[in-house]
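What follows is a short report on a single structure.
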Amino acid sequence: MMSGLSHVNAKEPPALPPNSAPTAVAPELTQQLAPHEVLIASLALDLDDDLHYAPGLLALTAARLLVQHPTDHSWSEYALDSDLTLEYRDHAGVATLELRDAKHTLSRWHFTLEQHRAARRLIEDFNRIRDGRVRDPSLETTCPTCGGPLAAGDECPACARAVHTPPSTWTLLRLWRFARPYSRQLISGFLLTLAATAATLVPPYMTMPLMDKVLIPFGNGVPIRFDLVGLYVGGLLGAAVLAWALGWARTYILALVSERIGADLRTTTFDHMLRLSLEYYGGKRTGDLMARLGSETDRICVFLSLHLLDFATDVLVILMTATILFVVNPWLALVTLLPLPIIAWMIHVVRDHLRHGFEKANRIWSEVTNVLADTIPGIRVVKAFAQEQRESVRFRDANRRNLAVNDRVNAVWSLFTPTVTLLTEVGLLVVWGFGIWQVSRHQITVGVLTAFLAYISRFYTRLDSMSRIVSVTQKAAAGAKRIFEVLDHVSSVPEPVDPVRIDALKGAIELSNVGFRYGSRAVLEGISLDIAPGEMIGLVGHSGSGKSTLVNLTCRFYDVGEGAIKVDGIDIRALAVADYRRNVGLVLQEPFLFFGTIGDNIAYGKPDAGRAEIVAAARAAHAHEFILRLPHGYDSLVGERGQTLSGGERQRISIARALLIDPRILILDEATSAVDSETEKEIQGALDNLVRGRTTIAIAHRLSTLRQANRLVVLDRGRIVEVGGHDELMALKGDYFRLYQTQRRQIEIDEISWTPAGLEREA
């Protein structure tokens, strides 16, 4: 320890925020600070040396590190020196911070990954003070507001979303990018709507001369002029027929356009989802994505085809009617418009409540679909463990929450709609009273009042209809917001701006100081490896050592966080993703088959493959024999996810699918884990021939299957610890030797337990 070390006892640890330097220092820490000494950063240590939960603290000032040990709550201090370094590493949910000088490790502290951001911030401030640098906000890597990750020079994504997210109603305007290709049809629809609306306003206007020139004179003893009656009635009939024809044309055109906008929206969203990396899907539920792509786009389509058309018609009717009313009688028109400000205020107030309510309702509905998406594909597991009642309770709970949210929304909506209706009825009564008063004073005729009432009836009907669209508008806006959340997501595996074009790869792979993190957890660190074309590499290590992650990076399902992966000397990030993956064959640990025929599943990576090629790939994968035993051979249908086949049969079809594309790079991720020992021998014999001439990276649960590998790479905690052939590594008696011996003993135990004597002992 350093000479500046001191110990002070404390009864209780200070309670400090774990993710930022505190503004108010706890009393226990205050006692350790010198006068005018300022706390710069702090880190909550929540694990002791035995990795048991225990509270402690690491605090940084401009002159020293103060440490309250989780074990006994005693205090230590370390004066800052240019030779000191803080080294961070984490594994399996536990992070470790080491304080080192030029020769020794001075101290080591443990904490959970919940404190990861605070640790990174403390290390940055430590290095800055040690090196005598002034804090540069442009170089911050954590957001000072929320503590989130922050790229140099960038704004915080989380805070930016919170500040810049527009009201969801305006999100509907973003649909214009999908409507733009149909602008001509939309303009035609608008003109037809305008003409149809004008035609519907003709009949009330013609009632004025019909009343004043025909009916009222007849009441005063003047004979009816049937020529005028025929003229006016014919005009009313013509206006009705014209309004019907124009309404039909505009409805048909706009319905076609809205369906195409909805189809384009679904296609664009699905295409975008396919381009997103696996990282995006790792944090999403299947049911939620299905709800966004299905019900949300349907809701938007219905809004565009029906409700938006009605809304446009309502607005036009109200504007045209208001204009006619002011032309006929300005004072009566003013009385008519009295309820409008109150209704507009109510719409403004209710809109926000409805928007938030419908957004929450959509999220809750996704929970319902998530239960379905989990239960239906996993129905065999549900029934095998007799958990039908449990899944029923899950669905009932999700459905109950959905009902509760919708009840709260309906409580607001049920009050709003009748209130608007009441205001329109009161407005109609006011018009009646004011109109009769004007008739009594001979300021207007009975015909004018009759026409006015006809217009005002339509005016208030449209006003009431327009107010009701608030609900469907907010539903559509909430759906559009959820759709654009997908479309706005940028893939973490982007396509290069100017990709390097390749015809065929030789298969040389170079990993240079590769590092990768899942969130705050380091999975790979400092991986460097050269793989020659045609060489077979076996990846070995305990579960969680990083084998599958290394394979995922090689396939470019994720991009490396540090270093680079090169193929034939080209960084794979410079290649078009599709071009690169056409040269990579992959057999997953858990084989996935699509609903369809055996032949279609084998030819999935090469849809234009002929039957001879499909059969050849199946033979190579030792799948041909069992396929011929199926009722329809290669045309036999497999159930969803291949449930009608055994695990070994699914795996062999998956291997045939990879072999059909004749890849230069072959990835085998536990390729034989789902087959029995006899089948494994058959597949292994085929693979021994097929890997010749191909660069192969293989992960195998059974180490014996990797005997033919040119080299074995042993991983431990995300690092390469050994590289060599089987015999070479066995002679080292290191990590590989221990893994092999452990597995060999387990196999021997399993074999003994299956002998008659072993079975008798267990019985």
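In the structure tokens, the first chain shown is A, the next is B, and so on; residue numbers restart at 1 for each chain, and ligands run from 1 in the order shown.
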Dump as JSON lines the rows for residues of stretch 563-663 of chain A within 9 Å of stretch 514-526 of chain A: closest atom pair and distance in Å with one decimal, only C-alpha atoms counted, ordered by chain and rising residue number.
```
{"residue": "A:Gly563", "atom": "CA", "partner": "A:Val514", "partner_atom": "CA", "distance": 4.4}
{"residue": "A:Ala564", "atom": "CA", "partner": "A:Val514", "partner_atom": "CA", "distance": 5.9}
{"residue": "A:Ile565", "atom": "CA", "partner": "A:Val514", "partner_atom": "CA", "distance": 7.3}
```
Give me the residues near stretch 484-491 of chain A as number ranges by chain, where near means some atom within 6 Å (using only C-alpha atoms) and where sequence neighbours in that chain fewer than 2 positions away do not count. A: 276-277, 481-482, 493-494
Quick one: everything within 7 Å of stretch 603-617 of chain A, counting only C-alpha atoms, minus sequence neighbours fewer than 5 positions away in the same chain. Send it as a list of chain:residue names. A:His624, A:Ala656, A:Arg657, A:Leu659, A:Leu660, A:Ile661
Those selected residues, please, written with N, CA and C atoms and delivered as a compact mmCIF listing (two decimals), in the first residue's frame.
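Saved result, again.txt, follows:
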```txt
# COMPACT_ATOMS: atom_id res chain seq x y z
N HIS A 624 -30.93 -37.69 -47.06
CA HIS A 624 -31.68 -38.22 -48.20
C HIS A 624 -32.51 -39.43 -47.82
N ALA A 656 -27.94 -29.40 -44.73
CA ALA A 656 -28.09 -29.44 -46.20
C ALA A 656 -28.35 -28.06 -46.75
N ARG A 657 -29.13 -27.25 -46.04
CA ARG A 657 -29.43 -25.89 -46.49
C ARG A 657 -28.16 -25.05 -46.57
N LEU A 659 -25.08 -26.27 -46.95
CA LEU A 659 -24.16 -26.84 -47.94
C LEU A 659 -24.59 -26.50 -49.36
N LEU A 660 -25.88 -26.30 -49.58
CA LEU A 660 -26.37 -26.06 -50.94
C LEU A 660 -25.79 -24.79 -51.54
N ILE A 661 -25.55 -23.79 -50.72
CA ILE A 661 -25.05 -22.52 -51.27
C ILE A 661 -23.54 -22.57 -51.52
```
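Each of A:Arg64, A:Arg650, A:His104, A:Arg394 was checked against A:Glu367 using only C-alpha atoms; the smallest atom-to-atom distance is that of A:Arg394.
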So, counting only C-alpha atoms, which residue among A:Asp530, A:Asp600, A:Asp397, A:Asp49 is closest to A:Val567? A:Asp530
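Proximity to A:Leu254 was assessed for A:Leu201, A:Leu278, A:Leu192, A:Ile224 counting only C-alpha atoms; the smallest distance is recorded for A:Leu192.
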Pull the strand (DSSP E) assignments for stretch 565-617 of chain A out of DSSP run on the backbone, and list those residues as a ChimeraX atom specification. /A:565-567,570-571,584-587,596-597
Please write the residues from the selection above to a file, keeping N, CA and C atoms, as a PDB file, in the first residue's frame.
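result05.pdb, freshly written:
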```
ATOM      1  N   ILE A 565     -12.513  -7.216 -38.139  1.00  0.00           N
ATOM      2  CA  ILE A 565     -12.497  -8.552 -38.729  1.00  0.00           C
ATOM      3  C   ILE A 565     -12.351  -8.372 -40.229  1.00  0.00           C
ATOM      4  N   LYS A 566     -11.339  -9.001 -40.798  1.00  0.00           N
ATOM      5  CA  LYS A 566     -11.073  -8.869 -42.232  1.00  0.00           C
ATOM      6  C   LYS A 566     -11.181 -10.230 -42.902  1.00  0.00           C
ATOM      7  N   VAL A 567     -11.715 -10.223 -44.099  1.00  0.00           N
ATOM      8  CA  VAL A 567     -11.779 -11.416 -44.934  1.00  0.00           C
ATOM      9  C   VAL A 567     -11.052 -11.103 -46.234  1.00  0.00           C
ATOM     10  N   ILE A 570      -9.978  -7.559 -46.490  1.00  0.00           N
ATOM     11  CA  ILE A 570     -10.987  -6.498 -46.566  1.00  0.00           C
ATOM     12  C   ILE A 570     -11.803  -6.508 -45.278  1.00  0.00           C
ATOM     13  N   ASP A 571     -11.922  -5.344 -44.646  1.00  0.00           N
ATOM     14  CA  ASP A 571     -12.777  -5.233 -43.457  1.00  0.00           C
ATOM     15  C   ASP A 571     -14.208  -5.594 -43.859  1.00  0.00           C
ATOM     16  N   VAL A 584     -21.101 -17.142 -46.832  1.00  0.00           N
ATOM     17  CA  VAL A 584     -21.017 -17.738 -45.497  1.00  0.00           C
ATOM     18  C   VAL A 584     -22.167 -18.725 -45.326  1.00  0.00           C
ATOM     19  N   GLY A 585     -21.831 -19.964 -45.000  1.00  0.00           N
ATOM     20  CA  GLY A 585     -22.837 -20.966 -44.680  1.00  0.00           C
ATOM     21  C   GLY A 585     -22.917 -21.147 -43.177  1.00  0.00           C
ATOM     22  N   LEU A 586     -24.125 -21.188 -42.641  1.00  0.00           N
ATOM     23  CA  LEU A 586     -24.309 -21.214 -41.196  1.00  0.00           C
ATOM     24  C   LEU A 586     -25.253 -22.331 -40.803  1.00  0.00           C
ATOM     25  N   VAL A 587     -24.828 -23.118 -39.824  1.00  0.00           N
ATOM     26  CA  VAL A 587     -25.686 -24.142 -39.221  1.00  0.00           C
ATOM     27  C   VAL A 587     -25.816 -23.791 -37.750  1.00  0.00           C
ATOM     28  N   GLY A 596     -43.454 -25.255 -44.914  1.00  0.00           N
ATOM     29  CA  GLY A 596     -43.328 -25.496 -46.351  1.00  0.00           C
ATOM     30  C   GLY A 596     -42.818 -26.898 -46.582  1.00  0.00           C
ATOM     31  N   THR A 597     -42.327 -27.158 -47.773  1.00  0.00           N
ATOM     32  CA  THR A 597     -41.849 -28.501 -48.105  1.00  0.00           C
ATOM     33  C   THR A 597     -40.396 -28.671 -47.671  1.00  0.00           C
TER      34      THR A 597
END
```
Extract the full set of helix (DSSP H, G or I) residues from stretch 498-577 of chain A according to DSSP on the backbone, and format it as a list in words. Lys547, Ser548, Thr549, Leu550, Val551, Asn552, Leu553, Thr554, Ile572, Arg573, Ala574 and Val577 of chain A
Based on the selection just made, write N, CA and C atoms of those residues as a PDB file, in the first residue's frame.
```
ATOM      1  N   LYS A 547     -17.806 -17.993 -27.406  1.00  0.00           N
ATOM      2  CA  LYS A 547     -17.686 -18.733 -28.675  1.00  0.00           C
ATOM      3  C   LYS A 547     -18.758 -18.293 -29.676  1.00  0.00           C
ATOM      4  N   SER A 548     -20.028 -18.324 -29.252  1.00  0.00           N
ATOM      5  CA  SER A 548     -21.116 -17.955 -30.168  1.00  0.00           C
ATOM      6  C   SER A 548     -21.041 -16.489 -30.559  1.00  0.00           C
ATOM      7  N   THR A 549     -20.603 -15.647 -29.639  1.00  0.00           N
ATOM      8  CA  THR A 549     -20.457 -14.221 -29.969  1.00  0.00           C
ATOM      9  C   THR A 549     -19.415 -14.020 -31.051  1.00  0.00           C
ATOM     10  N   LEU A 550     -18.308 -14.756 -30.967  1.00  0.00           N
ATOM     11  CA  LEU A 550     -17.269 -14.650 -31.986  1.00  0.00           C
ATOM     12  C   LEU A 550     -17.797 -15.092 -33.346  1.00  0.00           C
ATOM     13  N   VAL A 551     -18.618 -16.128 -33.365  1.00  0.00           N
ATOM     14  CA  VAL A 551     -19.232 -16.586 -34.609  1.00  0.00           C
ATOM     15  C   VAL A 551     -20.201 -15.530 -35.138  1.00  0.00           C
ATOM     16  N   ASN A 552     -21.004 -14.929 -34.253  1.00  0.00           N
ATOM     17  CA  ASN A 552     -21.954 -13.893 -34.675  1.00  0.00           C
ATOM     18  C   ASN A 552     -21.242 -12.693 -35.274  1.00  0.00           C
ATOM     19  N   LEU A 553     -20.095 -12.337 -34.709  1.00  0.00           N
ATOM     20  CA  LEU A 553     -19.321 -11.218 -35.257  1.00  0.00           C
ATOM     21  C   LEU A 553     -18.740 -11.576 -36.619  1.00  0.00           C
ATOM     22  N   THR A 554     -18.293 -12.825 -36.766  1.00  0.00           N
ATOM     23  CA  THR A 554     -17.741 -13.257 -38.055  1.00  0.00           C
ATOM     24  C   THR A 554     -18.817 -13.246 -39.135  1.00  0.00           C
ATOM     25  N   ILE A 572     -14.820  -6.529 -43.135  1.00  0.00           N
ATOM     26  CA  ILE A 572     -16.161  -6.971 -43.534  1.00  0.00           C
ATOM     27  C   ILE A 572     -17.179  -5.841 -43.442  1.00  0.00           C
ATOM     28  N   ARG A 573     -16.863  -4.778 -42.688  1.00  0.00           N
ATOM     29  CA  ARG A 573     -17.766  -3.627 -42.634  1.00  0.00           C
ATOM     30  C   ARG A 573     -17.734  -2.821 -43.922  1.00  0.00           C
ATOM     31  N   ALA A 574     -16.741  -3.074 -44.779  1.00  0.00           N
ATOM     32  CA  ALA A 574     -16.667  -2.388 -46.076  1.00  0.00           C
ATOM     33  C   ALA A 574     -17.402  -3.152 -47.169  1.00  0.00           C
ATOM     34  N   VAL A 577     -23.601  -6.193 -46.925  1.00  0.00           N
ATOM     35  CA  VAL A 577     -23.949  -7.272 -46.011  1.00  0.00           C
ATOM     36  C   VAL A 577     -24.410  -8.514 -46.773  1.00  0.00           C
TER      37      VAL A 577
END
```
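Of the listed residues A:Ala361, A:Ile665, A:Leu453, A:Ala312, the one whose atoms come nearest to A:Thr336 is A:Leu453, with distances taken using only C-alpha atoms.
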Within 12 Å of A:Gly433, counting only C-alpha atoms, which residues show up once you throw out same-chain ones fewer than 6 positions away? Write them as a PyMOL selection string, please. chain A and resi 332+335-336+426-427+439-440+449+453
Since we have the selection now, will you write its residues out, keeping N, CA and C atoms, as a short mmCIF file (atom, residue, chain, number, x, y, z; two decimals), in the first residue's frame?
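And here is the file that came out, again.cif:
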```cif
data_model
loop_
_atom_site.label_atom_id
_atom_site.label_comp_id
_atom_site.auth_asym_id
_atom_site.auth_seq_id
_atom_site.Cartn_x
_atom_site.Cartn_y
_atom_site.Cartn_z
N LEU A 332 -77.71 36.13 -38.08
CA LEU A 332 -78.14 34.76 -37.78
C LEU A 332 -76.95 33.79 -37.85
N VAL A 335 -74.96 33.96 -34.56
CA VAL A 335 -75.63 33.20 -33.50
C VAL A 335 -75.37 31.71 -33.68
N THR A 336 -75.36 31.28 -34.93
CA THR A 336 -75.13 29.87 -35.23
C THR A 336 -73.76 29.40 -34.75
N VAL A 426 -78.47 22.91 -28.24
CA VAL A 426 -78.75 24.24 -27.68
C VAL A 426 -78.56 25.30 -28.75
N GLY A 427 -77.49 25.15 -29.55
CA GLY A 427 -77.27 26.11 -30.62
C GLY A 427 -78.42 26.14 -31.62
N VAL A 439 -88.11 36.97 -38.08
CA VAL A 439 -89.29 36.87 -38.95
C VAL A 439 -90.39 37.79 -38.46
N SER A 440 -90.55 37.84 -37.13
CA SER A 440 -91.60 38.70 -36.57
C SER A 440 -91.33 40.17 -36.85
N LEU A 449 -85.61 31.49 -43.26
CA LEU A 449 -85.47 30.76 -41.99
C LEU A 449 -85.47 29.25 -42.23
N LEU A 453 -82.42 26.87 -41.35
CA LEU A 453 -82.52 25.73 -40.45
C LEU A 453 -82.00 24.45 -41.11
#
```
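For the pair atom CA of A:Ala621 and atom CA of A:Leu588, the interatomic distance is 14.4 Å.
From atom CA of A:Leu246 back to atom CA of A:Leu191, the distance works out to 9.6 Å.
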